[in-house]
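**Student:** Mind having a look at this structure? Questions to follow.
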Amino acid sequence: FSITQLMFTPEDINAPTAPPGERPYAGWLGIDFSLHTKDAHATNAVVLAVGTTGPNALAEETQDFVHEVRGFATFEGWDSQIPNEITVNLYYKQKRRLTFLEIGRGNFAVDGFGEWQAALGNFLVSAQVGALLRFGWHLPVDFSDPRLSVTAYTLQPFATGRQPHSWSVYGLAGALGAVVFHNITLDGPVFRDFDTGVDSKPFVGELSIGFGLQYRRV
């Protein structure tokens with residue numbers, strides 16, 4: 001299980017409401033329970049996430065606290081945030097392992113995974129596909145997912161006989177595409193009348209790139 005808090009703001013820190021073309025103020029706080037099955041080729045996850053949007057999500061308080069501690073200005077428009085609504089969402093995600101290249105007992109390797117996910121509930125209704133690719137020396141046996149989501153699973157997702165090394169250096173790159181039918185942080189609550197003023201896009205994508213360094217347990 002995990003606890004997640006999400007917060008979204010427009011770029012304009014002084015705007016009392018989100019300017020056209022920018023995200024509305026929204027927060028979400030929830031807990032999720034997940035079950036995972038895996039073998040050497042695939043992992044499957046079923047996640048039930050229960051939470052709340054609005055002031056009950058405490059996004060304003062959390063963000064203001066962090067900004068004040070770090071000496072940053074605080075956002076002025078939280079009074080216009082999406083209102084309270086209890087959310088219940090069910091997710092299903094499958095990742096399939098991809099191994100492209102191993103040289104010298106795996107000293108240099110290229111691997112990764114392809115994935116697909118479906119979400120149903122009053123927080124998010126969507127379907128997505130994507131992939132993450134890693135390349136480097138002594139790839140770790142785990143897969144560190146660079147995204148923050150209720151379905152992120154950063155432990156060892158596949159059963160494998162690969163032995164961990166004392167050091168590793170590698171790069172990673174990922175791509176994701178999704179069709180989104182409803183996102184409460186953009187489209188507003190399902191069971192309350194609230195206009196976010198946003199025309200959300202049904203087709204979205206993202207790219208990620210990064211690198212990893214590991215020495216023993218660091």
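Letters for chains follow the order of the structure tokens (A, B, ...), residue numbers begin at 1 for each chain, and ligand numbers begin at 1 in the order shown.
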Which residues, written as a VMD selection string, have at least one atom at most 6 Å from stretch 55-57 of chain A, with only C-alpha atoms counted and residues fewer than 4 positions away on the same chain left out?
**Tutor:** chain A and resid 27 to 29
**Student:** Extract the full set of alpha helix (DSSP H) residues from stretch 27-179 of chain A according to DSSP on the backbone, and format it as a PyMOL selection string.
**Tutor:** chain A and resi 59-70
**Student:** Which residues are near A:Phe135? Cut-off 10 Å, only C-alpha atoms, ignore same chain within fewer than 4 positions. Put them as a ChimeraX atom specification.
**Tutor:** /A:100-102,108-112,139,169-173,211
**Student:** Using N, CA and C atoms, can you write the selected residues to a file as a PDB file, in the first residue's frame?
**Tutor:**
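Listing of part.pdb after writing:
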ATOM      1  N   PHE A 100      17.229  -6.698 -24.998  1.00  0.00           N
ATOM      2  CA  PHE A 100      17.718  -6.513 -26.358  1.00  0.00           C
ATOM      3  C   PHE A 100      19.159  -6.969 -26.538  1.00  0.00           C
ATOM      4  N   LEU A 101      19.999  -6.762 -25.510  1.00  0.00           N
ATOM      5  CA  LEU A 101      21.428  -6.998 -25.703  1.00  0.00           C
ATOM      6  C   LEU A 101      22.103  -7.239 -24.371  1.00  0.00           C
ATOM      7  N   GLU A 102      22.937  -8.274 -24.334  1.00  0.00           N
ATOM      8  CA  GLU A 102      23.798  -8.509 -23.181  1.00  0.00           C
ATOM      9  C   GLU A 102      25.161  -8.951 -23.686  1.00  0.00           C
ATOM     10  N   PHE A 108      27.605  -5.113 -20.249  1.00  0.00           N
ATOM     11  CA  PHE A 108      26.868  -4.064 -20.937  1.00  0.00           C
ATOM     12  C   PHE A 108      25.564  -4.667 -21.434  1.00  0.00           C
ATOM     13  N   ALA A 109      24.470  -3.976 -21.185  1.00  0.00           N
ATOM     14  CA  ALA A 109      23.165  -4.535 -21.537  1.00  0.00           C
ATOM     15  C   ALA A 109      22.204  -3.430 -21.936  1.00  0.00           C
ATOM     16  N   VAL A 110      21.227  -3.826 -22.705  1.00  0.00           N
ATOM     17  CA  VAL A 110      20.110  -2.955 -23.069  1.00  0.00           C
ATOM     18  C   VAL A 110      18.838  -3.733 -22.751  1.00  0.00           C
ATOM     19  N   ASP A 111      18.016  -3.198 -21.870  1.00  0.00           N
ATOM     20  CA  ASP A 111      16.766  -3.869 -21.529  1.00  0.00           C
ATOM     21  C   ASP A 111      15.696  -2.831 -21.230  1.00  0.00           C
ATOM     22  N   GLY A 112      14.584  -3.277 -20.714  1.00  0.00           N
ATOM     23  CA  GLY A 112      13.494  -2.373 -20.390  1.00  0.00           C
ATOM     24  C   GLY A 112      12.186  -3.117 -20.293  1.00  0.00           C
ATOM     25  N   LEU A 139      23.415  -3.324 -15.222  1.00  0.00           N
ATOM     26  CA  LEU A 139      22.083  -2.795 -14.957  1.00  0.00           C
ATOM     27  C   LEU A 139      21.523  -3.374 -13.658  1.00  0.00           C
ATOM     28  N   VAL A 169      26.223   1.907 -13.886  1.00  0.00           N
ATOM     29  CA  VAL A 169      25.998   3.213 -14.493  1.00  0.00           C
ATOM     30  C   VAL A 169      25.159   2.983 -15.750  1.00  0.00           C
ATOM     31  N   TYR A 170      24.104   3.760 -15.908  1.00  0.00           N
ATOM     32  CA  TYR A 170      23.193   3.482 -17.011  1.00  0.00           C
ATOM     33  C   TYR A 170      22.360   4.724 -17.329  1.00  0.00           C
ATOM     34  N   GLY A 171      21.814   4.742 -18.527  1.00  0.00           N
ATOM     35  CA  GLY A 171      20.864   5.767 -18.942  1.00  0.00           C
ATOM     36  C   GLY A 171      19.505   5.145 -19.132  1.00  0.00           C
ATOM     37  N   LEU A 172      18.477   5.979 -19.158  1.00  0.00           N
ATOM     38  CA  LEU A 172      17.131   5.485 -19.389  1.00  0.00           C
ATOM     39  C   LEU A 172      16.342   6.493 -20.206  1.00  0.00           C
ATOM     40  N   ALA A 173      15.417   5.982 -20.973  1.00  0.00           N
ATOM     41  CA  ALA A 173      14.535   6.825 -21.781  1.00  0.00           C
ATOM     42  C   ALA A 173      13.183   6.141 -21.875  1.00  0.00           C
ATOM     43  N   PHE A 211      19.404   9.266 -16.018  1.00  0.00           N
ATOM     44  CA  PHE A 211      20.520   8.343 -15.846  1.00  0.00           C
ATOM     45  C   PHE A 211      20.551   7.875 -14.399  1.00  0.00           C
TER      46      PHE A 211
END
**Student:** Just to confirm, what's the straight-line distance from atom CA of A:Asn183 to atom CA of A:Ala18 in Å (one decimal)?
**Tutor:**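 Here the two named atoms are 16.7 Å from each other.
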**Student:** Return the single residue from A:Thr53, A:Glu60, A:Ser149, A:His182 that is closest to A:Thr4, with distances computed using only C-alpha atoms.
**Tutor:**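 Among the listed residues, A:Ser149 lies closest to A:Thr4.
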**Student:** Would you work out the distance separating atom CA of A:Thr9 from atom CA of A:Ala118, expressed in Å to one decimal?
**Tutor:**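 Separating atom CA of A:Thr9 from atom CA of A:Ala118 is a distance of 25.7 Å.
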**Student:** Run DSSP on the backbone and grab whatever in stretch 50-197 of chain A lands in strand (DSSP E); send it over as a count of residues only.
**Tutor:** 67
**Student:** Measuring between only C-alpha atoms, which one of A:Thr43, A:Ser126, A:Asn84, A:Gln5 shows the shortest distance to A:Gly114?
**Tutor:**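 Of A:Thr43, A:Ser126, A:Asn84, A:Gln5, the one nearest A:Gly114 is A:Thr43, counting only C-alpha atoms.
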**Student:** So how far away is atom CA of A:Ser2 from atom CA of A:Asp187, in Å?
**Tutor:**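 Computed distance, atom CA of A:Asp187 to atom CA of A:Ser2, equals 25.2 Å.
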**Student:** Would you mind listing what lies within 7 Å of A:Asn122 as a ChimeraX atom specification, with only C-alpha atoms counted and same-chain residues fewer than 3 positions away left out?
**Tutor:** /A:87-89,190
**Student:** Go ahead and write the residues just picked, N, CA, C and O atoms, as a PDB file, in the first residue's frame.
**Tutor:**
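Final file, again.pdb:
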ATOM      1  N   THR A  87     -12.972  10.070  -4.088  1.00  0.00           N
ATOM      2  CA  THR A  87     -12.705   9.370  -5.342  1.00  0.00           C
ATOM      3  C   THR A  87     -12.382   7.908  -5.069  1.00  0.00           C
ATOM      4  O   THR A  87     -11.728   7.571  -4.071  1.00  0.00           O
ATOM      5  N   VAL A  88     -12.837   7.072  -5.966  1.00  0.00           N
ATOM      6  CA  VAL A  88     -12.521   5.641  -5.940  1.00  0.00           C
ATOM      7  C   VAL A  88     -12.095   5.253  -7.350  1.00  0.00           C
ATOM      8  O   VAL A  88     -12.848   5.485  -8.306  1.00  0.00           O
ATOM      9  N   ASN A  89     -10.912   4.698  -7.477  1.00  0.00           N
ATOM     10  CA  ASN A  89     -10.405   4.346  -8.802  1.00  0.00           C
ATOM     11  C   ASN A  89      -9.779   2.967  -8.785  1.00  0.00           C
ATOM     12  O   ASN A  89      -9.142   2.552  -7.800  1.00  0.00           O
ATOM     13  N   VAL A 190     -17.170  14.657 -10.618  1.00  0.00           N
ATOM     14  CA  VAL A 190     -18.248  13.980 -11.337  1.00  0.00           C
ATOM     15  C   VAL A 190     -19.595  14.253 -10.692  1.00  0.00           C
ATOM     16  O   VAL A 190     -20.607  14.447 -11.382  1.00  0.00           O
TER      17      VAL A 190
END
**Student:** Of the candidates A:Phe181, A:Arg217, A:Asp79, A:Trp167, which shows the shortest atom-to-atom distance to A:Thr17, using only C-alpha atoms?
**Tutor:** A:Asp79
**Student:** Give me the residues within 8 Å of A:Val180 as an mmCIF file with all heavy atoms, in the first residue's frame, counting only C-alpha atoms and dropping any in the same chain fewer than 5 places off.
**Tutor:**
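Writing done, so here's part_23.cif:
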data_model
loop_
_atom_site.group_PDB
_atom_site.id
_atom_site.type_symbol
_atom_site.label_atom_id
_atom_site.label_comp_id
_atom_site.auth_asym_id
_atom_site.auth_seq_id
_atom_site.Cartn_x
_atom_site.Cartn_y
_atom_site.Cartn_z
ATOM 1 N N LEU A 124 -9.993 9.139 -12.511
ATOM 2 C CA LEU A 124 -9.373 9.021 -13.822
ATOM 3 C C LEU A 124 -10.012 7.885 -14.606
ATOM 4 O O LEU A 124 -10.182 6.781 -14.075
ATOM 5 C CB LEU A 124 -7.867 8.764 -13.670
ATOM 6 C CG LEU A 124 -7.046 8.604 -14.948
ATOM 7 C CD1 LEU A 124 -6.997 9.915 -15.729
ATOM 8 C CD2 LEU A 124 -5.629 8.137 -14.619
ATOM 9 N N VAL A 125 -10.340 8.169 -15.859
ATOM 10 C CA VAL A 125 -10.766 7.146 -16.809
ATOM 11 C C VAL A 125 -9.852 7.284 -18.019
ATOM 12 O O VAL A 125 -9.883 8.298 -18.717
ATOM 13 C CB VAL A 125 -12.238 7.309 -17.232
ATOM 14 C CG1 VAL A 125 -12.627 6.210 -18.211
ATOM 15 C CG2 VAL A 125 -13.159 7.299 -16.017
ATOM 16 N N SER A 126 -9.017 6.268 -18.260
ATOM 17 C CA SER A 126 -8.031 6.398 -19.328
ATOM 18 C C SER A 126 -7.502 5.037 -19.737
ATOM 19 O O SER A 126 -7.713 4.035 -19.051
ATOM 20 C CB SER A 126 -6.854 7.282 -18.880
ATOM 21 O OG SER A 126 -6.070 6.612 -17.895
ATOM 22 N N ALA A 127 -6.789 5.023 -20.861
ATOM 23 C CA ALA A 127 -6.042 3.851 -21.324
ATOM 24 C C ALA A 127 -4.721 4.363 -21.864
ATOM 25 O O ALA A 127 -4.674 5.404 -22.537
ATOM 26 C CB ALA A 127 -6.812 3.103 -22.408
ATOM 27 N N LYS A 201 -7.406 18.045 -23.245
ATOM 28 C CA LYS A 201 -7.065 17.305 -24.451
ATOM 29 C C LYS A 201 -7.210 15.801 -24.193
ATOM 30 O O LYS A 201 -6.671 15.287 -23.208
ATOM 31 C CB LYS A 201 -5.633 17.621 -24.874
ATOM 32 C CG LYS A 201 -5.406 19.090 -25.220
ATOM 33 C CD LYS A 201 -3.955 19.345 -25.599
ATOM 34 C CE LYS A 201 -3.727 20.818 -25.958
ATOM 35 N NZ LYS A 201 -2.319 21.086 -26.322
ATOM 36 N N PRO A 202 -7.913 15.084 -25.075
ATOM 37 C CA PRO A 202 -8.127 13.652 -24.830
ATOM 38 C C PRO A 202 -6.889 12.805 -25.111
ATOM 39 O O PRO A 202 -6.764 11.715 -24.558
ATOM 40 C CB PRO A 202 -9.263 13.294 -25.784
ATOM 41 C CG PRO A 202 -9.146 14.296 -26.889
ATOM 42 C CD PRO A 202 -8.654 15.561 -26.263
ATOM 43 N N PHE A 203 -5.994 13.275 -25.963
ATOM 44 C CA PHE A 203 -4.796 12.499 -26.297
ATOM 45 C C PHE A 203 -3.566 13.222 -25.758
ATOM 46 O O PHE A 203 -3.325 14.385 -26.096
ATOM 47 C CB PHE A 203 -4.675 12.304 -27.813
ATOM 48 C CG PHE A 203 -5.846 11.579 -28.424
ATOM 49 C CD1 PHE A 203 -6.846 12.283 -29.064
ATOM 50 C CD2 PHE A 203 -5.944 10.198 -28.334
ATOM 51 C CE1 PHE A 203 -7.930 11.624 -29.619
ATOM 52 C CE2 PHE A 203 -7.026 9.529 -28.875
ATOM 53 C CZ PHE A 203 -8.020 10.238 -29.523
ATOM 54 N N VAL A 204 -2.815 12.544 -24.911
ATOM 55 C CA VAL A 204 -1.637 13.146 -24.288
ATOM 56 C C VAL A 204 -0.459 12.186 -24.374
ATOM 57 O O VAL A 204 -0.627 10.959 -24.516
ATOM 58 C CB VAL A 204 -1.897 13.532 -22.812
ATOM 59 C CG1 VAL A 204 -2.966 14.602 -22.715
ATOM 60 C CG2 VAL A 204 -2.315 12.309 -22.005
#
**Student:** Can you list, as a ChimeraX atom specification, every protein, DNA or RNA residue that comes within 8 Å of A:Pro140 when you count only C-alpha atoms, leaving out same-chain residues fewer than 6 positions away?
**Tutor:** /A:164-165,168
**Student:** Could you write out the selected residues, including N, CA and C atoms, as a PDB file, in the first residue's frame?
**Tutor:**
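Produced file out.pdb, reproduced below:
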ATOM      1  N   PRO A 164      23.051  -8.962  -8.587  1.00  0.00           N
ATOM      2  CA  PRO A 164      23.386  -7.543  -8.455  1.00  0.00           C
ATOM      3  C   PRO A 164      24.896  -7.336  -8.376  1.00  0.00           C
ATOM      4  N   HIS A 165      25.372  -6.211  -8.930  1.00  0.00           N
ATOM      5  CA  HIS A 165      26.784  -5.848  -8.884  1.00  0.00           C
ATOM      6  C   HIS A 165      27.001  -4.751  -7.844  1.00  0.00           C
ATOM      7  N   SER A 168      26.964   0.254 -10.815  1.00  0.00           N
ATOM      8  CA  SER A 168      26.310   0.292 -12.117  1.00  0.00           C
ATOM      9  C   SER A 168      26.215   1.735 -12.578  1.00  0.00           C
TER      10      SER A 168
END
**Student:** Between A:Ser80, A:Gln94, A:Thr52, A:Thr196, which one has atoms that come closest to A:His36, using only C-alpha atoms?
**Tutor:**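 That would be A:Gln94, the residue with the smallest distance to A:His36.
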**Student:** Which residues are close to A:Glu11, i.e. within 12 Å by only C-alpha atoms, leaving aside same-chain residues fewer than 3 positions away? Reply as a list in words.
**Tutor:**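 My reading of the contact set: Phe8, Asn14, Ala15, Pro16, Thr17, Ala18, Pro19, Pro20, Gly21, Glu22, Arg23, Pro24, Tyr25, Phe75, Glu76 and Gly77 of chain A.
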